[in-house]
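The block underneath contains the structure these notes are about, expressed in C-alpha cells.
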Amino acid sequence: MKRDISQKPKNYHVNQSHFGHDELNKINDFLDKQGHLRSPEPIPDEEYSNALDIMLFLRNCMPDMENWFQPLVTFGCNRLSYLKIIAQWDENSIEDTFRRIMAQPDGIHLKETDLIFLLRNLKKRL
C-alpha cells in the first residue's frame, strides 16, 4: 500500500523540511519497489525515517551524491549509523566496500568520480 505524501505528519522528522515532494516520492517509490509496505497510519516507520536520513546526508554532500541512494540501500547500508561506522574504517576497506556497492547489478551507473567524491564527503561529514 503506497502512502500518499499528504498522509505524513509535518513534524515527525527534524530533517523532513529539507526534502521536497520529489525526494519524498523517490524514497516512497524505492521502498515500494523493494516490497516494503508501510502502514497507512500517520506515524512513519523506522525504515522510512532511516531512508530520509541517508537521503539527507547524500543531498548535503558536495557535489550532491543522491545517485548513491538506491545502491546503498539495496546493498543493505540503509541506516546513517552504518555509514558512520564505515567512515571509521581504513581507506582501503572503505574503498573496497563502495566498489562492491558500485558493482551491483541494479542498473545505476556510478562513475569513478562519484566514488571519489562520496569517499571524501564520508570522511569529512561523518
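Identifiers for the C-alpha cells are assigned positionally: chains receive A, B, ... in sequence, residues are indexed from 1 per chain, and ligands are indexed from 1 in the order shown.
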
Non-local contacts of A:Leu110 (9 Å; only C-alpha atoms; under 4 positions in same chain excluded) as a count of residues only
6

Closest of A:Met65, A:Ile27, A:Leu118, A:Ile94 to A:Asn78 - atom-to-atom distances counting only C-alpha atoms
A:Ile27

Within stretch 63-103 of chain A, find each residue whose DSSP state, derived from the backbone, is helix (DSSP H, G or I), and express the selection as a ChimeraX atom specification.
/A:66-75,80-87,91-102

Next, the residues of the selection above should be written as a PDB file, in the first residue's frame with C-alpha atoms.
ATOM      1  CA  GLU A  66      21.845  11.445  -4.302  1.00  0.00           C
ATOM      2  CA  ASN A  67      22.593   8.943  -7.077  1.00  0.00           C
ATOM      3  CA  TRP A  68      24.109   6.670  -4.386  1.00  0.00           C
ATOM      4  CA  PHE A  69      20.801   6.321  -2.510  1.00  0.00           C
ATOM      5  CA  GLN A  70      19.414   3.277  -4.300  1.00  0.00           C
ATOM      6  CA  PRO A  71      22.737   1.368  -4.487  1.00  0.00           C
ATOM      7  CA  LEU A  72      23.440   1.955  -0.774  1.00  0.00           C
ATOM      8  CA  VAL A  73      20.006   0.840   0.395  1.00  0.00           C
ATOM      9  CA  THR A  74      19.941  -2.127  -1.985  1.00  0.00           C
ATOM     10  CA  PHE A  75      23.354  -3.207  -0.673  1.00  0.00           C
ATOM     11  CA  LEU A  80      23.089   6.535   8.657  1.00  0.00           C
ATOM     12  CA  SER A  81      24.749   4.740  11.577  1.00  0.00           C
ATOM     13  CA  TYR A  82      26.086   2.150   9.081  1.00  0.00           C
ATOM     14  CA  LEU A  83      27.709   4.913   7.037  1.00  0.00           C
ATOM     15  CA  LYS A  84      29.217   6.394  10.206  1.00  0.00           C
ATOM     16  CA  ILE A  85      30.788   3.044  11.090  1.00  0.00           C
ATOM     17  CA  ILE A  86      32.123   2.585   7.559  1.00  0.00           C
ATOM     18  CA  ALA A  87      33.636   6.095   7.696  1.00  0.00           C
ATOM     19  CA  GLU A  91      40.804   3.963   3.450  1.00  0.00           C
ATOM     20  CA  ASN A  92      41.279   0.647   1.597  1.00  0.00           C
ATOM     21  CA  SER A  93      38.390  -1.075   3.386  1.00  0.00           C
ATOM     22  CA  ILE A  94      36.079   1.850   2.691  1.00  0.00           C
ATOM     23  CA  GLU A  95      37.022   1.943  -0.976  1.00  0.00           C
ATOM     24  CA  ASP A  96      36.612  -1.832  -1.356  1.00  0.00           C
ATOM     25  CA  THR A  97      33.159  -1.670   0.217  1.00  0.00           C
ATOM     26  CA  PHE A  98      31.996   1.136  -2.047  1.00  0.00           C
ATOM     27  CA  ARG A  99      33.409  -0.588  -5.122  1.00  0.00           C
ATOM     28  CA  ARG A 100      31.238  -3.603  -4.206  1.00  0.00           C
ATOM     29  CA  ILE A 101      28.259  -1.259  -3.928  1.00  0.00           C
ATOM     30  CA  MET A 102      29.099   0.222  -7.350  1.00  0.00           C
TER      31      MET A 102
END

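Residue nearest A:Asn121, chosen from A:Lys26, A:Arg59, A:His109, A:Arg79 and counting only C-alpha atoms: A:Arg59.
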
Can you tell me how far atom CA of A:Leu58 sits from atom CA of A:Leu126, in Å to one decimal?
11.3 Å

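Straight-line separation from atom CA of A:Asp53 to atom CA of A:Ile108: 20.6 Å.
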